[in-house]
Amino acid sequence: MNALIRKKAFNKQEKDKLLIQYHIEAPSFVMSNHQDIIHSSSVNQTTFKGGYNPSLGPVQLPSSYQSQIASSSKNQKNIYDHSLSRRAPEVNLSSLAFLFSSIVDYSQKSSKGIQELEARLNAYGYSIGTKVLEIITLREGKNAKREIKVVGILQFIHTQVWKSLFGKIADELEKSSDSDDEYMITDNLPLISQFISVPKEFGQLNVAAFTAGIIEGILDSAYFQANVSAHTVEKPGLPLRTVFFIKFDHGVIERETIRFGK
Amino acid sequence: MVIHSLYIINKAGGLIYQTDFTPGLNKLTANEYLVLAGTIHGVFAIASKLTPTALKLSTPSSLSSQSSSLSQTSSHGSKNSGLRCIETDKFSIFIYQTLTGVKFMLITSGPTSKDINDLNYSSDVAEGLLKNIYAIYSDYVMKNPFYSLDMPIRVDLFDTKVRELVKGTA
């Protein structure tokens, strides 16, 4: 309480000081040429803004400022100036790997167990998936169409999505023989997790849960509600082979049966 | 030239990785490995102080003219001028210290017949190998979120990649 009062007192003091300064400076405004004032203040103040200055009234930017702003916006192309449908330039694999490594590290520190870590990675991916669907469909241009079949959307993910996210198509797309609502997409060497080997004490964890989240986000926003999880299924020579296990909601399969009658 | 084992020593002189490539080598106790790494670290530091200034100045132009640009830049600093190689009849030791202070040490079989024709044969092979191991290290260890810096390396992918590389050169 005491401190607060003192602070208030201090603030008041400071205000007084400012007032005094203002009073001292004020005559100089009157005495000097009006044009001059704008110039000197624009030199001293680095954050010079056009608009309304309470002590001077409406302020106009000096002409040199305006030309500078115009030229800088002309030279430096803003991200918003690029066309959305043009393919983005490639990203350095190292920076991507380090970024993803930091994402995993961060989620690991903020979660209590392996399950939570996986759920967290999945959630990060999910928010990307819902957004990335939009831009991939846009970039398809005239070839784009709305997928209404389960197999159609899965092929779209297997080919177009994989190509635009990872620069290659996924290796396999399979349907489970046991169940109607289970599908699998396989990637022999997942791009983002190719440098990561999971220690034994983390058990079945697969950091591609992030990618699984992306798939889930895409499926959900395309109205194919599903659960997607990532599993490591090693093959000789392919220690990182990852299977994305997709289990559709009951309603999706039911809808498909009614619509296309299988 | 047979590659026997690989040691990686962090910048504080601690052993963070040790593996044998040839079967049937006698194992030391964990403590002895650490002592060995510490000794190498110390000897390396002494050796870099002992390197004559004249040699340091002449290396970029004459000795390392055929080696890659990486070693040329590093030989300017005193860090890489320490112990590079120990040769005995039975075995050789090659050490490569990165600019960041990590030391990669390779124990190989002794000088071979090829060394008679080409004096630098073994050291060229070893140096190339060590640089490749460094590349694997920076890919599979440094980009792994489950690895904490300067701690012992327990990374499966690093193991397999190094083994593949050594198998490829042998």
# chains A, B, ... in the order shown; residues from 1 in each chain; ligands from 1
>>> select_by_dssp(residues="segment 5-166 of chain B", states="helix (DSSP H, G or I)", output="PyMOL selection string")
chain B and resi 30-50+53-58+63-65+69-74+78-81+114-117+121-141+156-166
>>> closest_atom_pairs(of="chain B", to="chain A", cutoff="8 Å", atoms="only C-alpha atoms", output="JSON lines")
{"residue": "B:Asp139", "atom": "CA", "partner": "A:Phe195", "partner_atom": "CA", "distance": 6.4}
{"residue": "B:Tyr140", "atom": "CA", "partner": "A:Phe195", "partner_atom": "CA", "distance": 5.0}
{"residue": "B:Val141", "atom": "CA", "partner": "A:Phe195", "partner_atom": "CA", "distance": 7.8}
{"residue": "B:Lys143", "atom": "CA", "partner": "A:Phe98", "partner_atom": "CA", "distance": 5.7}
{"residue": "B:Asn144", "atom": "CA", "partner": "A:Ile196", "partner_atom": "CA", "distance": 4.8}
{"residue": "B:Pro145", "atom": "CA", "partner": "A:Ser101", "partner_atom": "CA", "distance": 4.8}
{"residue": "B:Phe146", "atom": "CA", "partner": "A:Val198", "partner_atom": "CA", "distance": 7.1}
{"residue": "B:Arg154", "atom": "CA", "partner": "A:Pro199", "partner_atom": "CA", "distance": 7.5}
{"residue": "B:Val155", "atom": "CA", "partner": "A:Ser197", "partner_atom": "CA", "distance": 6.2}
{"residue": "B:Asp156", "atom": "CA", "partner": "A:Ser197", "partner_atom": "CA", "distance": 6.1}
{"residue": "B:Leu157", "atom": "CA", "partner": "A:Ser197", "partner_atom": "CA", "distance": 5.9}
>>> write_last_selection(atoms="C-alpha atoms", output="short mmCIF file (atom, residue, chain, number, x, y, z; two decimals), in the first residue's frame")
data_model
loop_
_atom_site.label_atom_id
_atom_site.label_comp_id
_atom_site.auth_asym_id
_atom_site.auth_seq_id
_atom_site.Cartn_x
_atom_site.Cartn_y
_atom_site.Cartn_z
CA ASP B 139 22.28 -34.24 -38.30
CA TYR B 140 21.14 -37.06 -36.07
CA VAL B 141 22.32 -35.95 -32.64
CA LYS B 143 18.52 -32.27 -34.47
CA ASN B 144 17.17 -34.78 -31.99
CA PRO B 145 14.91 -33.17 -29.39
CA PHE B 146 15.55 -35.99 -26.94
CA ARG B 154 22.18 -42.64 -26.92
CA VAL B 155 20.66 -42.17 -30.34
CA ASP B 156 19.76 -45.25 -32.38
CA LEU B 157 19.84 -43.52 -35.75
#
>>> select_by_dssp(residues="segment 97-148 of chain B", states="strand (DSSP E or B)", output="ChimeraX atom specification")
/B:97,103-109
>>> atom_distance(atom1="atom CA of Thr88 of chain B", atom2="atom CA of Ser109 of chain B")
9.1 Å
>>> closest_residue(among="A:Thr232, A:Phe248, A:Glu254, A:Lys112", to="Gly203 of chain A", atoms="only C-alpha atoms")
A:Thr232
>>> atom_distance(atom1="atom CA of Ile133 of chain B", atom2="atom CA of Gln18 of chain B")
12.9 Å
>>> residues_around(residues="Thr186 of chain A", least_positions_apart="6", cutoff="12 Å", atoms="only C-alpha atoms", output="JSON, numbers by chain")
{"A": [154, 157, 158, 159, 162, 169, 170, 171, 172, 173, 174, 175, 208, 211, 212, 229, 230, 231, 232, 233, 234, 235, 238, 240, 241, 242, 243, 244, 245, 246]}
>>> write_last_selection(atoms="N, CA and C atoms", output="PDB file, in the first residue's frame")
ATOM      1  N   LEU A 154      -8.904 -39.563 -49.188  1.00  0.00           N
ATOM      2  CA  LEU A 154      -7.657 -40.207 -48.774  1.00  0.00           C
ATOM      3  C   LEU A 154      -6.605 -40.133 -49.875  1.00  0.00           C
ATOM      4  N   ILE A 157      -5.172 -36.718 -49.840  1.00  0.00           N
ATOM      5  CA  ILE A 157      -4.153 -36.551 -48.791  1.00  0.00           C
ATOM      6  C   ILE A 157      -2.862 -37.251 -49.182  1.00  0.00           C
ATOM      7  N   HIS A 158      -3.021 -38.477 -49.662  1.00  0.00           N
ATOM      8  CA  HIS A 158      -1.862 -39.295 -50.033  1.00  0.00           C
ATOM      9  C   HIS A 158      -1.016 -38.613 -51.105  1.00  0.00           C
ATOM     10  N   THR A 159      -1.658 -37.957 -52.051  1.00  0.00           N
ATOM     11  CA  THR A 159      -0.916 -37.366 -53.165  1.00  0.00           C
ATOM     12  C   THR A 159      -0.712 -35.859 -53.013  1.00  0.00           C
ATOM     13  N   TRP A 162       0.474 -34.515 -49.371  1.00  0.00           N
ATOM     14  CA  TRP A 162       1.833 -34.950 -49.077  1.00  0.00           C
ATOM     15  C   TRP A 162       2.830 -34.195 -49.949  1.00  0.00           C
ATOM     16  N   ILE A 169       5.103 -37.866 -52.692  1.00  0.00           N
ATOM     17  CA  ILE A 169       3.829 -38.478 -52.322  1.00  0.00           C
ATOM     18  C   ILE A 169       4.082 -39.575 -51.299  1.00  0.00           C
ATOM     19  N   ALA A 170       3.055 -39.868 -50.505  1.00  0.00           N
ATOM     20  CA  ALA A 170       3.207 -40.905 -49.478  1.00  0.00           C
ATOM     21  C   ALA A 170       3.410 -42.254 -50.151  1.00  0.00           C
ATOM     22  N   ASP A 171       3.958 -43.210 -49.408  1.00  0.00           N
ATOM     23  CA  ASP A 171       4.369 -44.447 -50.058  1.00  0.00           C
ATOM     24  C   ASP A 171       3.219 -45.428 -50.280  1.00  0.00           C
ATOM     25  N   GLU A 172       2.344 -45.559 -49.298  1.00  0.00           N
ATOM     26  CA  GLU A 172       1.258 -46.526 -49.468  1.00  0.00           C
ATOM     27  C   GLU A 172      -0.037 -45.960 -48.930  1.00  0.00           C
ATOM     28  N   LEU A 173      -1.123 -46.438 -49.516  1.00  0.00           N
ATOM     29  CA  LEU A 173      -2.455 -46.137 -48.989  1.00  0.00           C
ATOM     30  C   LEU A 173      -3.221 -47.450 -48.975  1.00  0.00           C
ATOM     31  N   GLU A 174      -3.589 -47.892 -47.797  1.00  0.00           N
ATOM     32  CA  GLU A 174      -4.215 -49.212 -47.689  1.00  0.00           C
ATOM     33  C   GLU A 174      -5.523 -49.119 -46.927  1.00  0.00           C
ATOM     34  N   LYS A 175      -6.368 -50.121 -47.195  1.00  0.00           N
ATOM     35  CA  LYS A 175      -7.606 -50.237 -46.438  1.00  0.00           C
ATOM     36  C   LYS A 175      -7.462 -51.467 -45.553  1.00  0.00           C
ATOM     37  N   ALA A 208       5.717 -38.325 -35.222  1.00  0.00           N
ATOM     38  CA  ALA A 208       4.886 -38.028 -36.390  1.00  0.00           C
ATOM     39  C   ALA A 208       3.430 -37.866 -35.987  1.00  0.00           C
ATOM     40  N   THR A 211       2.153 -35.006 -37.692  1.00  0.00           N
ATOM     41  CA  THR A 211       1.612 -35.194 -39.033  1.00  0.00           C
ATOM     42  C   THR A 211       0.227 -35.832 -38.968  1.00  0.00           C
ATOM     43  N   ALA A 212       0.071 -36.781 -38.036  1.00  0.00           N
ATOM     44  CA  ALA A 212      -1.240 -37.411 -37.852  1.00  0.00           C
ATOM     45  C   ALA A 212      -2.280 -36.339 -37.530  1.00  0.00           C
ATOM     46  N   SER A 229      -3.810 -41.666 -35.839  1.00  0.00           N
ATOM     47  CA  SER A 229      -2.657 -41.837 -34.949  1.00  0.00           C
ATOM     48  C   SER A 229      -1.473 -42.339 -35.764  1.00  0.00           C
ATOM     49  N   ALA A 230      -0.278 -42.067 -35.264  1.00  0.00           N
ATOM     50  CA  ALA A 230       0.940 -42.462 -35.976  1.00  0.00           C
ATOM     51  C   ALA A 230       1.615 -43.611 -35.246  1.00  0.00           C
ATOM     52  N   HIS A 231       2.053 -44.609 -35.988  1.00  0.00           N
ATOM     53  CA  HIS A 231       2.728 -45.758 -35.388  1.00  0.00           C
ATOM     54  C   HIS A 231       3.984 -46.085 -36.172  1.00  0.00           C
ATOM     55  N   THR A 232       5.021 -46.437 -35.451  1.00  0.00           N
ATOM     56  CA  THR A 232       6.248 -46.852 -36.117  1.00  0.00           C
ATOM     57  C   THR A 232       6.140 -48.338 -36.435  1.00  0.00           C
ATOM     58  N   VAL A 233       6.247 -48.660 -37.706  1.00  0.00           N
ATOM     59  CA  VAL A 233       6.239 -50.061 -38.113  1.00  0.00           C
ATOM     60  C   VAL A 233       7.495 -50.280 -38.938  1.00  0.00           C
ATOM     61  N   GLU A 234       8.515 -50.773 -38.279  1.00  0.00           N
ATOM     62  CA  GLU A 234       9.819 -50.901 -38.936  1.00  0.00           C
ATOM     63  C   GLU A 234       9.800 -51.962 -40.009  1.00  0.00           C
ATOM     64  N   LYS A 235      10.627 -51.723 -41.011  1.00  0.00           N
ATOM     65  CA  LYS A 235      10.897 -52.735 -42.029  1.00  0.00           C
ATOM     66  C   LYS A 235      12.402 -52.746 -42.194  1.00  0.00           C
ATOM     67  N   LEU A 238      14.342 -49.666 -43.209  1.00  0.00           N
ATOM     68  CA  LEU A 238      13.487 -48.487 -43.027  1.00  0.00           C
ATOM     69  C   LEU A 238      13.101 -48.363 -41.561  1.00  0.00           C
ATOM     70  N   LEU A 240      12.421 -45.863 -39.805  1.00  0.00           N
ATOM     71  CA  LEU A 240      11.502 -44.781 -39.431  1.00  0.00           C
ATOM     72  C   LEU A 240      10.134 -44.922 -40.086  1.00  0.00           C
ATOM     73  N   ARG A 241       9.929 -46.024 -40.774  1.00  0.00           N
ATOM     74  CA  ARG A 241       8.670 -46.225 -41.495  1.00  0.00           C
ATOM     75  C   ARG A 241       7.488 -45.990 -40.553  1.00  0.00           C
ATOM     76  N   THR A 242       6.625 -45.087 -40.965  1.00  0.00           N
ATOM     77  CA  THR A 242       5.525 -44.686 -40.090  1.00  0.00           C
ATOM     78  C   THR A 242       4.186 -44.947 -40.775  1.00  0.00           C
ATOM     79  N   VAL A 243       3.287 -45.557 -40.019  1.00  0.00           N
ATOM     80  CA  VAL A 243       1.947 -45.822 -40.544  1.00  0.00           C
ATOM     81  C   VAL A 243       0.971 -44.886 -39.848  1.00  0.00           C
ATOM     82  N   PHE A 244       0.225 -44.141 -40.650  1.00  0.00           N
ATOM     83  CA  PHE A 244      -0.815 -43.275 -40.091  1.00  0.00           C
ATOM     84  C   PHE A 244      -2.132 -44.041 -40.142  1.00  0.00           C
ATOM     85  N   PHE A 245      -2.619 -44.350 -38.969  1.00  0.00           N
ATOM     86  CA  PHE A 245      -3.804 -45.181 -38.846  1.00  0.00           C
ATOM     87  C   PHE A 245      -5.024 -44.275 -38.743  1.00  0.00           C
ATOM     88  N   ILE A 246      -5.913 -44.390 -39.712  1.00  0.00           N
ATOM     89  CA  ILE A 246      -7.067 -43.485 -39.790  1.00  0.00           C
ATOM     90  C   ILE A 246      -8.331 -44.275 -39.492  1.00  0.00           C
TER      91      ILE A 246
END
>>> decode(residues="segment 122-168 of chain A", atoms="N, CA and C atoms", output="compact mmCIF listing (two decimals), in the first residue's frame")
# COMPACT_ATOMS: atom_id res chain seq x y z
N ASN A 122 -0.34 -33.81 -31.63
CA ASN A 122 -1.50 -34.00 -32.49
C ASN A 122 -2.32 -32.72 -32.60
N ALA A 123 -2.49 -32.05 -31.46
CA ALA A 123 -3.28 -30.82 -31.45
C ALA A 123 -2.62 -29.72 -32.26
N TYR A 124 -1.28 -29.61 -32.16
CA TYR A 124 -0.57 -28.61 -32.98
C TYR A 124 -0.79 -28.89 -34.46
N GLY A 125 -0.69 -30.18 -34.81
CA GLY A 125 -0.88 -30.55 -36.21
C GLY A 125 -2.29 -30.27 -36.68
N TYR A 126 -3.24 -30.55 -35.78
CA TYR A 126 -4.65 -30.38 -36.13
C TYR A 126 -4.94 -28.95 -36.60
N SER A 127 -4.41 -27.99 -35.83
CA SER A 127 -4.69 -26.60 -36.19
C SER A 127 -4.05 -26.24 -37.52
N ILE A 128 -2.96 -26.91 -37.87
CA ILE A 128 -2.37 -26.67 -39.19
C ILE A 128 -3.23 -27.31 -40.28
N GLY A 129 -3.68 -28.53 -40.00
CA GLY A 129 -4.45 -29.28 -40.98
C GLY A 129 -5.69 -28.54 -41.45
N THR A 130 -6.42 -27.96 -40.49
CA THR A 130 -7.65 -27.26 -40.85
C THR A 130 -7.36 -26.08 -41.77
N LYS A 131 -6.18 -25.50 -41.63
CA LYS A 131 -5.85 -24.34 -42.45
C LYS A 131 -5.21 -24.73 -43.77
N VAL A 132 -4.42 -25.79 -43.73
CA VAL A 132 -3.65 -26.14 -44.92
C VAL A 132 -4.56 -26.69 -46.02
N LEU A 133 -5.68 -27.27 -45.62
CA LEU A 133 -6.63 -27.79 -46.61
C LEU A 133 -7.05 -26.67 -47.56
N GLU A 134 -7.30 -25.52 -46.98
CA GLU A 134 -7.76 -24.37 -47.75
C GLU A 134 -6.76 -24.00 -48.85
N ILE A 135 -5.50 -23.86 -48.47
CA ILE A 135 -4.52 -23.36 -49.44
C ILE A 135 -4.16 -24.42 -50.47
N ILE A 136 -4.20 -25.69 -50.06
CA ILE A 136 -3.88 -26.73 -51.04
C ILE A 136 -4.98 -26.80 -52.10
N THR A 137 -6.22 -26.69 -51.65
CA THR A 137 -7.33 -26.71 -52.62
C THR A 137 -7.24 -25.50 -53.54
N LEU A 138 -6.87 -24.36 -52.98
CA LEU A 138 -6.73 -23.16 -53.80
C LEU A 138 -5.65 -23.34 -54.85
N ARG A 139 -4.54 -23.93 -54.45
CA ARG A 139 -3.42 -24.10 -55.37
C ARG A 139 -3.70 -25.15 -56.44
N GLU A 140 -4.66 -26.02 -56.19
CA GLU A 140 -5.02 -27.00 -57.21
C GLU A 140 -5.59 -26.30 -58.44
N GLY A 141 -6.13 -25.10 -58.22
CA GLY A 141 -6.66 -24.33 -59.33
C GLY A 141 -7.87 -25.00 -59.96
N LYS A 142 -7.81 -25.18 -61.28
CA LYS A 142 -8.97 -25.71 -62.00
C LYS A 142 -9.20 -27.19 -61.70
N ASN A 143 -8.14 -27.89 -61.31
CA ASN A 143 -8.28 -29.32 -61.06
C ASN A 143 -8.97 -29.63 -59.75
N ALA A 144 -9.10 -28.61 -58.91
CA ALA A 144 -9.65 -28.85 -57.59
C ALA A 144 -11.10 -29.26 -57.65
N LYS A 145 -11.45 -30.18 -56.81
CA LYS A 145 -12.86 -30.53 -56.68
C LYS A 145 -13.11 -30.92 -55.23
N ARG A 146 -14.38 -30.88 -54.87
CA ARG A 146 -14.70 -31.24 -53.50
C ARG A 146 -14.84 -32.75 -53.40
N GLU A 147 -14.03 -33.35 -52.57
CA GLU A 147 -14.06 -34.80 -52.41
C GLU A 147 -15.25 -35.17 -51.54
N ILE A 148 -16.05 -36.12 -52.01
CA ILE A 148 -17.17 -36.55 -51.18
C ILE A 148 -17.08 -38.03 -50.82
N LYS A 149 -16.09 -38.71 -51.41
CA LYS A 149 -15.93 -40.13 -51.07
C LYS A 149 -14.73 -40.28 -50.15
N VAL A 150 -14.82 -41.27 -49.28
CA VAL A 150 -13.73 -41.53 -48.35
C VAL A 150 -12.43 -41.80 -49.11
N VAL A 151 -12.53 -42.67 -50.11
CA VAL A 151 -11.31 -43.01 -50.87
C VAL A 151 -10.78 -41.77 -51.59
N GLY A 152 -11.68 -40.93 -52.07
CA GLY A 152 -11.27 -39.72 -52.78
C GLY A 152 -10.45 -38.80 -51.89
N ILE A 153 -10.95 -38.54 -50.69
CA ILE A 153 -10.24 -37.62 -49.80
C ILE A 153 -8.91 -38.23 -49.34
N LEU A 154 -8.90 -39.56 -49.19
CA LEU A 154 -7.66 -40.21 -48.77
C LEU A 154 -6.61 -40.13 -49.88
N GLN A 155 -7.06 -40.29 -51.10
CA GLN A 155 -6.11 -40.17 -52.21
C GLN A 155 -5.59 -38.74 -52.33
N PHE A 156 -6.49 -37.80 -52.06
CA PHE A 156 -6.09 -36.39 -52.07
C PHE A 156 -5.00 -36.15 -51.02
N ILE A 157 -5.17 -36.72 -49.84
CA ILE A 157 -4.15 -36.55 -48.79
C ILE A 157 -2.86 -37.25 -49.18
N HIS A 158 -3.02 -38.48 -49.66
CA HIS A 158 -1.86 -39.29 -50.03
C HIS A 158 -1.02 -38.61 -51.11
N THR A 159 -1.66 -37.96 -52.05
CA THR A 159 -0.92 -37.37 -53.16
C THR A 159 -0.71 -35.86 -53.01
N GLN A 160 -1.80 -35.10 -53.11
CA GLN A 160 -1.66 -33.64 -53.17
C GLN A 160 -1.12 -33.06 -51.86
N VAL A 161 -1.73 -33.48 -50.75
CA VAL A 161 -1.32 -32.91 -49.47
C VAL A 161 0.13 -33.26 -49.18
N TRP A 162 0.47 -34.51 -49.37
CA TRP A 162 1.83 -34.95 -49.08
C TRP A 162 2.83 -34.19 -49.95
N LYS A 163 2.44 -34.01 -51.23
CA LYS A 163 3.35 -33.34 -52.14
C LYS A 163 3.56 -31.89 -51.72
N SER A 164 2.49 -31.25 -51.30
CA SER A 164 2.65 -29.83 -50.98
C SER A 164 3.30 -29.65 -49.62
N LEU A 165 3.13 -30.60 -48.71
CA LEU A 165 3.76 -30.45 -47.39
C LEU A 165 5.19 -30.98 -47.37
N PHE A 166 5.40 -32.13 -48.01
CA PHE A 166 6.69 -32.80 -47.87
C PHE A 166 7.44 -32.98 -49.18
N GLY A 167 6.86 -32.49 -50.28
CA GLY A 167 7.57 -32.56 -51.56
C GLY A 167 7.63 -33.92 -52.19
N LYS A 168 6.86 -34.87 -51.72
CA LYS A 168 6.82 -36.21 -52.31
C LYS A 168 5.46 -36.81 -52.01
